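Dumped work28.cif below, it's mmCIF, C-alpha atoms:
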data_model
#
loop_
_atom_site.label_atom_id
_atom_site.label_comp_id
_atom_site.auth_asym_id
_atom_site.auth_seq_id
_atom_site.Cartn_x
_atom_site.Cartn_y
_atom_site.Cartn_z
CA MET A 640 -20.77 34.75 14.52
CA HIS A 641 -18.88 34.96 17.79
CA PRO A 642 -16.66 38.03 18.17
CA ILE A 643 -12.93 37.53 18.61
CA VAL A 644 -11.72 39.21 21.80
CA THR A 645 -8.46 41.02 21.03
CA LEU A 646 -5.75 41.91 23.49
CA GLY A 647 -6.64 45.60 23.18
CA HIS A 648 -10.27 44.91 24.00
CA ALA A 649 -9.25 42.82 27.01
CA MET A 650 -7.05 45.64 28.34
CA ARG A 651 -9.88 48.17 28.00
CA CYS A 652 -12.18 45.90 29.91
CA LEU A 653 -9.62 45.14 32.58
CA LYS A 654 -10.52 48.14 34.73
CA VAL A 655 -14.23 47.42 34.52
CA ARG A 656 -14.85 43.69 34.61
CA LEU A 657 -11.60 41.77 34.60
CA THR A 658 -13.08 38.41 35.44
CA LEU A 659 -15.91 38.73 32.89
CA CYS A 660 -13.55 39.77 30.08
CA LEU A 661 -11.17 36.87 30.71
CA THR A 662 -14.09 34.47 30.72
CA LEU A 663 -15.39 35.88 27.44
CA ALA A 664 -11.92 35.63 25.93
CA LEU A 665 -11.62 31.98 26.86
CA LEU A 666 -15.09 31.21 25.54
CA ALA A 667 -14.43 33.02 22.27
CA GLY A 668 -11.20 31.11 21.79
CA ALA A 669 -12.96 27.82 22.41
CA LEU A 670 -15.73 28.66 19.96
CA ILE A 671 -13.43 29.52 17.07
CA ALA A 672 -10.76 26.83 17.67
CA PRO A 673 -10.91 24.03 15.08
CA ALA A 674 -11.08 20.39 16.11
CA ARG A 675 -7.74 18.63 16.38
CA ALA A 676 -6.74 17.27 12.97
CA GLY A 677 -6.17 13.70 14.15
CA GLU A 678 -9.40 13.22 16.08
CA ALA A 679 -11.24 11.52 13.21
CA GLU A 680 -8.27 9.22 12.62
CA ASP A 681 -8.07 8.36 16.32
CA ALA A 682 -11.78 7.55 16.32
CA TYR A 683 -11.36 5.39 13.23
CA ILE A 684 -8.47 3.44 14.77
CA VAL A 685 -10.31 2.87 18.05
CA THR A 686 -13.46 1.74 16.21
CA ARG A 687 -11.50 -0.47 13.83
CA ASN A 688 -9.65 -2.24 16.65
CA ARG A 689 -12.90 -2.75 18.57
CA TYR A 690 -14.53 -4.33 15.52
CA VAL A 691 -11.57 -6.67 15.03
CA ALA A 692 -11.66 -7.70 18.69
CA ALA A 693 -15.43 -8.20 18.63
CA ILE A 694 -15.28 -10.35 15.50
CA ALA A 695 -12.44 -12.43 16.97
CA ALA A 696 -14.49 -12.97 20.13
CA ALA A 697 -17.54 -13.93 18.08
CA ILE A 698 -15.50 -16.51 16.15
CA LYS A 699 -14.16 -17.93 19.40
CA SER A 700 -17.70 -18.26 20.71
CA GLY A 701 -18.70 -20.33 17.68
CA ILE A 702 -20.81 -17.81 15.78
CA PRO A 703 -22.43 -19.33 12.63
CA ASP A 704 -20.70 -18.39 9.37
CA GLN A 705 -23.62 -16.40 7.94
CA LYS A 706 -23.83 -14.24 11.08
CA LEU A 707 -20.06 -13.77 11.00
CA TYR A 708 -20.17 -12.62 7.38
CA LYS A 709 -22.97 -10.17 8.18
CA MET A 710 -21.13 -8.84 11.22
CA ASP A 711 -17.98 -8.35 9.17
CA GLU A 712 -19.88 -6.70 6.30
CA GLN A 713 -21.56 -4.20 8.61
CA ALA A 714 -18.28 -3.39 10.37
CA ARG A 715 -16.44 -2.75 7.12
CA ALA A 716 -19.29 -0.62 5.77
CA ASP A 717 -19.06 1.58 8.85
CA LEU A 718 -15.27 1.78 8.63
CA LYS A 719 -15.49 2.72 4.97
CA LYS A 720 -17.75 5.68 5.83
CA ARG A 721 -15.45 6.74 8.65
CA LEU A 722 -12.36 6.52 6.45
CA ALA A 723 -14.08 8.46 3.67
CA THR A 724 -14.74 11.21 6.24
CA VAL A 725 -11.10 11.19 7.33
CA LEU A 726 -9.79 11.38 3.75
CA GLY A 727 -12.36 13.80 2.37
CA PRO A 728 -13.47 13.81 -1.29
CA GLN A 729 -11.21 11.71 -3.51
CA SER A 730 -10.98 11.85 -7.28
CA PHE A 731 -8.32 10.45 -9.60
CA LYS A 732 -8.24 10.82 -13.36
CA GLY A 733 -9.03 7.61 -15.19
CA VAL A 734 -10.51 5.61 -12.33
CA GLY A 735 -14.01 5.31 -10.88
CA ARG A 736 -15.24 7.54 -8.10
CA THR A 737 -16.70 4.72 -5.98
CA PRO A 738 -13.95 2.88 -4.06
CA THR A 739 -13.98 -0.43 -2.27
CA PHE A 740 -12.77 -0.79 1.31
CA SER A 741 -9.57 -2.58 2.24
CA PRO A 742 -9.21 -5.08 3.88
CA GLY A 743 -11.72 -7.44 2.30
CA ALA A 744 -12.41 -9.05 5.69
CA LEU A 745 -11.63 -8.24 9.33
CA TYR A 746 -10.96 -11.88 10.19
CA SER A 747 -8.22 -14.15 8.91
CA GLY A 748 -8.66 -16.85 6.33
CA GLU A 749 -10.06 -14.79 3.47
CA LEU A 750 -8.01 -13.87 0.38
CA GLU A 751 -8.03 -10.13 1.11
CA SER A 752 -8.06 -10.25 4.92
CA GLY A 753 -5.11 -8.72 6.73
CA ARG A 754 -4.59 -6.08 4.07
CA PRO A 755 -3.90 -2.45 5.04
CA ASP A 756 -6.78 -0.11 5.83
CA GLY A 757 -7.62 2.16 2.93
CA LEU A 758 -9.92 2.99 0.04
CA LEU A 759 -9.17 1.29 -3.27
CA PHE A 760 -10.11 2.91 -6.59
CA GLN A 761 -9.81 1.14 -9.95
CA ASP A 762 -10.72 1.54 -13.59
CA GLU A 763 -13.29 -0.65 -15.36
CA ALA A 764 -10.65 -2.92 -16.88
CA ASP A 765 -8.85 -3.26 -13.51
CA THR A 766 -5.56 -2.24 -15.12
CA THR A 767 -5.13 0.78 -12.83
CA ARG A 768 -5.59 0.58 -9.06
CA ILE A 769 -5.10 3.39 -6.53
CA PHE A 770 -4.98 2.82 -2.77
CA VAL A 771 -5.47 5.78 -0.39
CA SER A 772 -5.01 5.99 3.36
CA THR A 773 -3.24 8.06 6.03
CA ALA A 774 0.08 7.63 7.80
CA PRO A 775 -1.42 7.24 11.32
CA ILE A 776 -3.95 4.64 10.16
CA LEU A 777 -1.29 2.63 8.30
CA THR A 778 1.12 2.92 11.22
CA ASN A 779 -1.58 1.42 13.43
CA TRP A 780 -2.10 -1.37 10.87
CA LEU A 781 1.63 -2.10 10.85
CA ALA A 782 1.66 -2.25 14.66
CA GLU A 783 -1.33 -4.64 14.76
CA ASP A 784 0.20 -6.78 12.02
CA ALA A 785 3.49 -6.97 13.91
CA LYS A 786 1.68 -7.90 17.13
CA ALA A 787 -0.14 -10.73 15.37
CA SER A 788 3.08 -12.09 13.88
CA GLY A 789 5.19 -11.59 17.01
CA ARG A 790 7.77 -9.24 15.52
CA ARG A 791 8.77 -5.61 15.88
CA PRO A 792 6.66 -3.08 13.94
CA LEU A 793 8.10 -1.87 10.65
CA SER A 794 8.32 1.80 9.76
CA LEU A 795 5.84 3.17 7.26
CA MET A 796 8.65 4.82 5.30
CA SER A 797 10.35 1.47 4.74
CA GLN A 798 7.10 -0.03 3.47
CA LEU A 799 6.78 2.42 0.58
CA SER A 800 9.36 0.36 -1.31
CA ASP A 801 8.55 -3.06 0.17
CA ASP A 802 7.21 -5.64 -2.29
CA GLY A 803 5.05 -7.27 0.37
CA PHE A 804 3.33 -4.08 1.48
CA LEU A 805 2.79 -2.87 -2.08
CA THR A 806 1.28 -6.24 -2.98
CA GLU A 807 -1.13 -5.98 -0.05
CA ALA A 808 -2.07 -2.41 -1.00
CA VAL A 809 -2.84 -2.73 -4.72
CA SER A 810 -2.72 -6.35 -5.89
CA SER A 811 -5.81 -8.42 -6.57
CA ASP A 812 -4.36 -11.93 -6.61
CA ALA A 813 -0.63 -11.92 -7.41
CA ALA A 814 2.59 -10.89 -5.67
CA PHE A 815 4.62 -7.91 -6.86
CA THR A 816 8.35 -8.21 -7.43
CA ALA A 817 10.28 -5.00 -8.08
CA TYR A 818 13.06 -5.11 -10.65
CA MET A 819 14.24 -1.53 -10.39
CA ARG A 820 13.53 1.88 -8.91
CA LEU A 821 12.74 4.70 -11.32
CA PRO A 822 14.18 8.23 -10.89
CA LEU A 823 11.14 10.41 -10.18
CA THR A 824 11.61 13.85 -8.64
CA ALA A 825 9.71 14.50 -5.40
CA GLN A 826 8.29 17.92 -4.67
CA GLU A 827 8.94 19.70 -1.39
CA GLY A 828 7.15 17.94 1.46
CA GLU A 829 6.56 14.62 -0.30
CA THR A 830 8.26 11.25 -0.48
CA VAL A 831 7.96 9.35 -3.76
CA VAL A 832 8.95 5.81 -4.69
CA ALA A 833 8.50 4.49 -8.25
CA LEU A 834 9.13 0.84 -9.07
CA PHE A 835 9.11 -1.16 -12.29
CA GLY A 836 8.38 -4.86 -11.83
CA VAL A 837 5.87 -7.63 -12.31
CA PHE A 838 2.83 -9.18 -10.61
CA THR A 839 2.89 -12.96 -10.81
CA GLN A 840 1.65 -15.98 -8.89
CA ASP A 841 4.91 -17.81 -9.62
CA ASP A 842 8.58 -16.91 -9.35
CA PRO A 843 9.22 -14.23 -12.02
CA THR A 844 12.33 -16.02 -13.43
CA ASP A 845 13.09 -14.30 -16.76
CA LEU A 846 9.84 -12.38 -17.23
CA PRO A 847 10.50 -8.77 -18.27
CA PRO A 848 8.83 -6.20 -16.00
CA ARG A 849 5.33 -5.16 -17.05
CA SER A 850 3.84 -3.20 -14.14
CA LEU A 851 4.52 0.18 -12.56
CA ILE A 852 3.94 1.09 -8.94
CA VAL A 853 4.20 4.61 -7.56
CA ALA A 854 3.91 5.24 -3.81
CA ARG A 855 3.56 8.76 -2.42
CA LEU A 856 3.57 10.17 1.11
CA ALA A 857 2.59 13.83 1.50
CA LYS A 858 1.11 15.60 4.54
CA ASP A 859 0.35 12.25 6.21
CA ARG A 860 -1.61 11.12 3.13
CA VAL A 861 -0.42 7.85 1.60
CA THR A 862 -1.31 6.87 -1.97
CA VAL A 863 -0.12 3.79 -3.82
CA ALA A 864 -0.96 3.27 -7.48
CA THR A 865 -0.24 0.60 -10.04
CA VAL A 866 -0.79 0.49 -13.76
CA ASP A 867 -0.26 -2.32 -16.24
CA ALA A 868 2.51 -1.65 -18.72
CA PRO A 869 2.76 -4.94 -20.66
CA GLY A 870 4.63 -3.45 -23.61
CA ALA A 871 6.90 -1.15 -21.63
CA GLY A 872 9.51 -3.66 -20.48
CA LYS A 873 11.41 -5.29 -23.33
CA ASP A 874 13.45 -8.48 -23.32
CA ILE A 875 17.14 -7.80 -22.86
CA PRO A 876 19.19 -10.55 -24.51
CA ALA A 877 22.17 -10.14 -22.17
CA CYS A 878 19.92 -10.69 -19.15
CA THR A 879 18.13 -13.62 -20.76
CA LYS A 880 21.55 -15.18 -21.27
CA VAL A 881 22.29 -14.78 -17.55
CA TRP A 882 19.03 -16.48 -16.65
CA ARG A 883 19.60 -19.39 -19.04
CA SER A 884 22.93 -20.22 -17.45
CA TYR A 885 21.19 -20.78 -14.11
CA GLN A 886 18.33 -22.58 -15.81
CA ALA A 887 20.78 -24.99 -17.46
CA LYS A 888 22.35 -25.71 -14.07
CA ALA A 889 18.93 -26.42 -12.57
CA ASN A 890 17.90 -28.65 -15.46
CA LYS A 891 21.10 -30.67 -15.09
CA LEU A 892 20.35 -31.21 -11.40
CA PHE A 893 16.75 -32.19 -12.11
CA ALA A 894 17.93 -34.68 -14.73
CA ALA A 895 20.31 -36.32 -12.26
CA ILE A 896 17.55 -37.12 -9.76
CA PRO A 897 16.73 -40.86 -9.79
CA LYS A 898 13.30 -41.71 -11.15
CA GLY A 899 10.65 -41.70 -8.44
CA LYS A 900 12.69 -39.65 -5.98
CA GLY A 901 11.58 -36.15 -6.97
CA ALA A 902 11.66 -33.67 -4.11
CA GLU A 903 13.04 -36.31 -1.76
CA ASP A 904 16.42 -36.07 -3.45
CA PRO A 905 18.77 -33.28 -2.17
CA GLN A 906 19.44 -32.24 -5.76
CA TRP A 907 15.84 -31.06 -6.02
CA ASP A 908 16.49 -28.29 -3.48
CA GLU A 909 19.77 -27.44 -5.20
CA ALA A 910 17.95 -27.05 -8.51
CA GLN A 911 15.27 -24.85 -6.95
CA THR A 912 17.99 -22.69 -5.39
CA ALA A 913 19.64 -22.32 -8.80
CA LEU A 914 16.34 -21.11 -10.29
CA THR A 915 15.84 -18.62 -7.44
CA GLU A 916 19.38 -17.31 -7.82
CA GLY A 917 18.86 -17.10 -11.57
CA GLY A 918 15.77 -14.96 -11.15
CA THR A 919 17.66 -12.63 -8.81
CA ALA A 920 20.57 -12.39 -11.25
CA TYR A 921 18.19 -11.68 -14.13
CA ARG A 922 16.51 -8.81 -12.25
CA LYS A 923 19.86 -7.35 -11.24
CA CYS A 924 21.00 -7.45 -14.86
CA TYR A 925 17.75 -5.84 -16.00
CA ALA A 926 18.12 -2.97 -13.52
CA GLU A 927 21.64 -2.32 -14.76
CA GLU A 928 20.94 -2.56 -18.48
CA ALA A 929 17.46 -1.04 -18.91
CA PRO A 930 18.49 2.63 -18.32
CA LYS A 931 20.85 2.33 -21.29
CA LEU A 932 18.15 1.24 -23.74
CA SER A 933 15.71 3.18 -25.94
CA PHE A 934 12.49 2.00 -24.23
CA TYR A 935 13.54 3.28 -20.79
CA PRO A 936 12.57 7.00 -21.12
CA ALA A 937 9.00 5.99 -22.02
CA VAL A 938 8.80 3.87 -18.86
CA VAL A 939 9.93 6.80 -16.71
CA LYS A 940 7.50 9.13 -18.47
CA ARG A 941 4.62 6.74 -17.77
CA ALA A 942 5.59 6.61 -14.10
CA GLU A 943 5.69 10.42 -14.03
CA GLY A 944 2.17 10.46 -15.45
CA LEU A 945 0.98 8.11 -12.70
CA LEU A 946 2.56 10.34 -10.07
CA SER A 947 0.83 13.35 -11.61
CA THR A 948 -2.48 11.49 -11.22
CA LEU A 949 -1.76 10.91 -7.54
CA ARG A 950 -1.06 14.61 -7.12
CA GLY A 951 -4.50 15.35 -8.53
CA LYS A 952 -3.35 16.73 -11.86
#

As structure tokens, please, write out the structure in this file.
Amino acid sequence: MHPIVTLGHAMRCLKVRLTLCLTLALLAGALIAPARAGEAEDAYIVTRNRYVAAIAAAIKSGIPDQKLYKMDEQARADLKKRLATVLGPQSFKGVGRTPTFSPGALYSGELESGRPDGLLFQDEADTTRIFVSTAPILTNWLAEDAKASGRRPLSLMSQLSDDGFLTEAVSSDAAFTAYMRLPLTAQEGETVVALFGVFTQDDPTDLPPRSLIVARLAKDRVTVATVDAPGAGKDIPACTKVWRSYQAKANKLFAAIPKGKGAEDPQWDEAQTALTEGGTAYRKCYAEEAPKLSFYPAVVKRAEGLLSTLRGK
């Protein structure tokens, strides 16, 4: 163990060997100083961006598919190890201990390519999924994503309640649409967003919500979790009635389209707009009415349980 040189010790040595004591003090400080907290993250980001650039260059050069897949697999395996080191040991109640790495590919064109960098945990039935990363790594991902799409980078805080980001973080093959935000209480030093909505490959129209998502930011650690809740959201007749009024309007427009015209007729777009507006109106109604109904407290309680899991409890 290296001794810590105190101020009193330095003063006593001053009259004898001033230069030697100052040198020892500096050396002792260097030996006991911890590494900067963000160094591992910086190294991850640099390595990640180099892999992406190298793979893009290899594709441009005409690399055979099998070699590309191997190159991508090796890069993601290395990034997974590096990210696991950054995050440290991870364990969440109810899900497996062995995560997969996100994104599913470092080149475009694959189903899970372009997704945010993180480790993804899930249970055997794939009804619960938990994504873990850090704020600096996700901020870098947002910047790279913005650069690729030619727009200004979005803030990480705004993404915690963004359907698109949440879909990318925890969805397997469907898009998430939030119906309403749930009132969870954040502890000191954390930001929490809880949403009740649905994953679907089509427009949600009048589907009641059946999935929960909780996103948490605490000490630069970002966790996003989703759990299926198929029986939690109940049909609300008043909201179904709202939807059916728009549906009737759309059906009337569809019926008026001459045979054989289909999407070529302007009324087709009008009908599709009516359906989109109907879905929006249905979700707005649901968000207003659900807190008044008997099933709502159980939904909030389930979201609180998911948040507790993210906190490691």

- Point-to-point distance in Å for atom CA of Ala785 of chain A and atom CA of Arg687 of chain A: 16.3 Å

- Protein, DNA and RNA residues within 12 Å of (-11.2, -3.6, -16.1), only C-alpha atoms, as a VMD selection string: chain A and resid 733 to 735 760 to 768 811 866 to 867

Do you know which residues are at most 10 Å from segment 749-752 of chain A counting only C-alpha atoms, after dropping those on the same chain fewer than 3 positions away, and could you put them as a PDB file with C-alpha atoms, in the coordinates of the input?
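Output saved as around-v2.pdb:
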ATOM      1  CA  SER A 741      -9.570  -2.580   2.240  1.00  0.00           C
ATOM      2  CA  PRO A 742      -9.210  -5.080   3.880  1.00  0.00           C
ATOM      3  CA  GLY A 743     -11.720  -7.440   2.300  1.00  0.00           C
ATOM      4  CA  ALA A 744     -12.410  -9.050   5.690  1.00  0.00           C
ATOM      5  CA  LEU A 745     -11.630  -8.240   9.330  1.00  0.00           C
ATOM      6  CA  TYR A 746     -10.960 -11.880  10.190  1.00  0.00           C
ATOM      7  CA  PRO A 755      -3.900  -2.450   5.040  1.00  0.00           C
ATOM      8  CA  GLU A 807      -1.130  -5.980  -0.050  1.00  0.00           C
ATOM      9  CA  ALA A 808      -2.070  -2.410  -1.000  1.00  0.00           C
ATOM     10  CA  SER A 810      -2.720  -6.350  -5.890  1.00  0.00           C
ATOM     11  CA  SER A 811      -5.810  -8.420  -6.570  1.00  0.00           C
ATOM     12  CA  ASP A 812      -4.360 -11.930  -6.610  1.00  0.00           C
TER      13      ASP A 812
END

Exercise on segment 690-706 of chain A, axis-aligned box with 5 Å per side, report centre and edge lengths in Å to one decimal, as lines of an AutoDock Vina configuration file:
center_x = -17.7
center_y = -12.3
center_z = 14.3
size_x = 22.3
size_y = 26.0
size_z = 22.8

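Put simply, atom CA of Pro847 of chain A is 20.2 Å away from atom CA of Glu943 of chain A.
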
Residue members of the PyMOL selection byres ((chain A and resi 830) around 6) in the file shown, as an mmCIF file with C-alpha atoms, keeping the file's coordinate frame:
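Below is the file part-v2.cif, written as the result:
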data_model
loop_
_atom_site.group_PDB
_atom_site.id
_atom_site.type_symbol
_atom_site.label_atom_id
_atom_site.label_comp_id
_atom_site.auth_asym_id
_atom_site.auth_seq_id
_atom_site.Cartn_x
_atom_site.Cartn_y
_atom_site.Cartn_z
ATOM 1 C CA GLU A 829 6.560 14.620 -0.300
ATOM 2 C CA VAL A 831 7.960 9.350 -3.760
ATOM 3 C CA ARG A 855 3.560 8.760 -2.420
ATOM 4 C CA LEU A 856 3.570 10.170 1.110
#

- Message: For the provided coordinates, the residues matched by the PyMOL selection byres ((chain A and resi 929) around 10) should be stated as a PyMOL selection string.
- Response: chain A and resi 819+872-875+878+924-928+930-936+938

- Could you state which residues are captured by the PyMOL selection byres ((chain A and resi 757) around 9) in this file, as a PyMOL selection string? chain A and resi 719+722+739-742+754-756+758-759+770-773+776-777+808

- Which one is closest to Gln729 of chain A: A:Asn890, A:Gln911, A:Ser794, A:Thr862? Count only C-alpha atoms.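 Checking each candidate against Gln729 of chain A, we get A:Thr862 as the closest.
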
- Message: Please compute the atom CA of Pro876 of chain A-atom CA of Leu892 of chain A distance, one decimal, in Å.
- Response: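 Between atom CA of Pro876 of chain A and atom CA of Leu892 of chain A the gap is 24.5 Å.
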
- Query: Counting only C-alpha atoms, which of A:Pro792, A:Arg922, A:Val691, A:Ala889 gets nearest to Leu846 of chain A?
  - Reply: A:Arg922

Mind rebuilding segment 763-773 of chain A with all heavy atoms and writing that out as a CSV table (one decimal), in the coordinates of the input?
chain,number,residue,atom,x,y,z
A,763,GLU,N,-12.4,0.4,-15.0
A,763,GLU,CA,-13.3,-0.6,-15.4
A,763,GLU,C,-12.5,-1.9,-15.8
A,763,GLU,O,-13.0,-3.0,-15.5
A,763,GLU,CB,-14.2,-0.2,-16.5
A,763,GLU,CG,-15.2,0.8,-16.1
A,763,GLU,CD,-16.2,1.2,-17.2
A,763,GLU,OE1,-16.1,0.6,-18.3
A,763,GLU,OE2,-17.1,2.1,-17.0
A,764,ALA,N,-11.4,-1.8,-16.4
A,764,ALA,CA,-10.6,-2.9,-16.9
A,764,ALA,C,-9.7,-3.5,-15.8
A,764,ALA,O,-9.1,-4.5,-16.0
A,764,ALA,CB,-9.8,-2.5,-18.1
A,765,ASP,N,-9.7,-2.8,-14.6
A,765,ASP,CA,-8.8,-3.3,-13.5
A,765,ASP,C,-7.4,-3.3,-13.9
A,765,ASP,O,-6.6,-4.1,-13.4
A,765,ASP,CB,-9.3,-4.6,-13.0
A,765,ASP,CG,-8.8,-4.9,-11.6
A,765,ASP,OD1,-8.4,-3.9,-10.9
A,765,ASP,OD2,-8.6,-6.1,-11.2
A,766,THR,N,-7.0,-2.4,-14.8
A,766,THR,CA,-5.6,-2.2,-15.1
A,766,THR,C,-4.9,-1.1,-14.3
A,766,THR,O,-3.6,-1.1,-14.3
A,766,THR,CB,-5.4,-1.9,-16.6
A,766,THR,OG1,-6.1,-0.7,-16.9
A,766,THR,CG2,-6.0,-3.1,-17.5
A,767,THR,N,-5.7,-0.3,-13.7
A,767,THR,CA,-5.1,0.8,-12.8
A,767,THR,C,-5.8,0.7,-11.5
A,767,THR,O,-7.1,0.6,-11.4
A,767,THR,CB,-5.4,2.2,-13.4
A,767,THR,OG1,-4.8,2.2,-14.7
A,767,THR,CG2,-4.8,3.3,-12.5
A,768,ARG,N,-5.0,0.7,-10.4
A,768,ARG,CA,-5.6,0.6,-9.1
A,768,ARG,C,-4.9,1.6,-8.2
A,768,ARG,O,-3.7,1.7,-8.2
A,768,ARG,CB,-5.4,-0.8,-8.5
A,768,ARG,CG,-6.1,-1.9,-9.3
A,768,ARG,CD,-5.6,-3.3,-8.9
A,768,ARG,NE,-6.0,-3.7,-7.6
A,768,ARG,CZ,-7.1,-4.3,-7.2
A,768,ARG,NH1,-8.1,-4.5,-8.1
A,768,ARG,NH2,-7.3,-4.6,-6.0
A,769,ILE,N,-5.7,2.3,-7.4
A,769,ILE,CA,-5.1,3.4,-6.5
A,769,ILE,C,-5.6,3.2,-5.1
A,769,ILE,O,-6.8,3.2,-4.9
A,769,ILE,CB,-5.5,4.8,-7.0
A,769,ILE,CG1,-4.9,5.0,-8.5
A,769,ILE,CG2,-4.9,5.9,-6.1
A,769,ILE,CD1,-5.3,6.3,-9.1
A,770,PHE,N,-4.7,3.0,-4.2
A,770,PHE,CA,-5.0,2.8,-2.8
A,770,PHE,C,-4.7,4.1,-2.0
A,770,PHE,O,-3.7,4.8,-2.2
A,770,PHE,CB,-4.1,1.7,-2.2
A,770,PHE,CG,-4.1,1.5,-0.7
A,770,PHE,CD1,-5.0,0.7,-0.1
A,770,PHE,CD2,-3.2,2.2,0.1
A,770,PHE,CE1,-5.0,0.5,1.3
A,770,PHE,CE2,-3.2,2.0,1.4
A,770,PHE,CZ,-4.1,1.2,2.0
A,771,VAL,N,-5.6,4.5,-1.1
A,771,VAL,CA,-5.5,5.8,-0.4
A,771,VAL,C,-5.7,5.5,1.1
A,771,VAL,O,-6.7,4.9,1.5
A,771,VAL,CB,-6.5,6.9,-0.9
A,771,VAL,CG1,-6.1,8.2,-0.3
A,771,VAL,CG2,-6.5,6.9,-2.4
A,772,SER,N,-4.8,6.1,1.9
A,772,SER,CA,-5.0,6.0,3.4
A,772,SER,C,-4.2,7.1,4.0
A,772,SER,O,-3.8,8.1,3.3
A,772,SER,CB,-4.5,4.6,3.9
A,772,SER,OG,-4.9,4.4,5.2
A,773,THR,N,-4.0,7.0,5.3
A,773,THR,CA,-3.2,8.1,6.0
A,773,THR,C,-2.1,7.4,6.8
A,773,THR,O,-2.2,6.2,7.1
A,773,THR,CB,-4.1,8.9,7.0
A,773,THR,OG1,-4.4,8.1,8.2
A,773,THR,CG2,-5.4,9.4,6.4
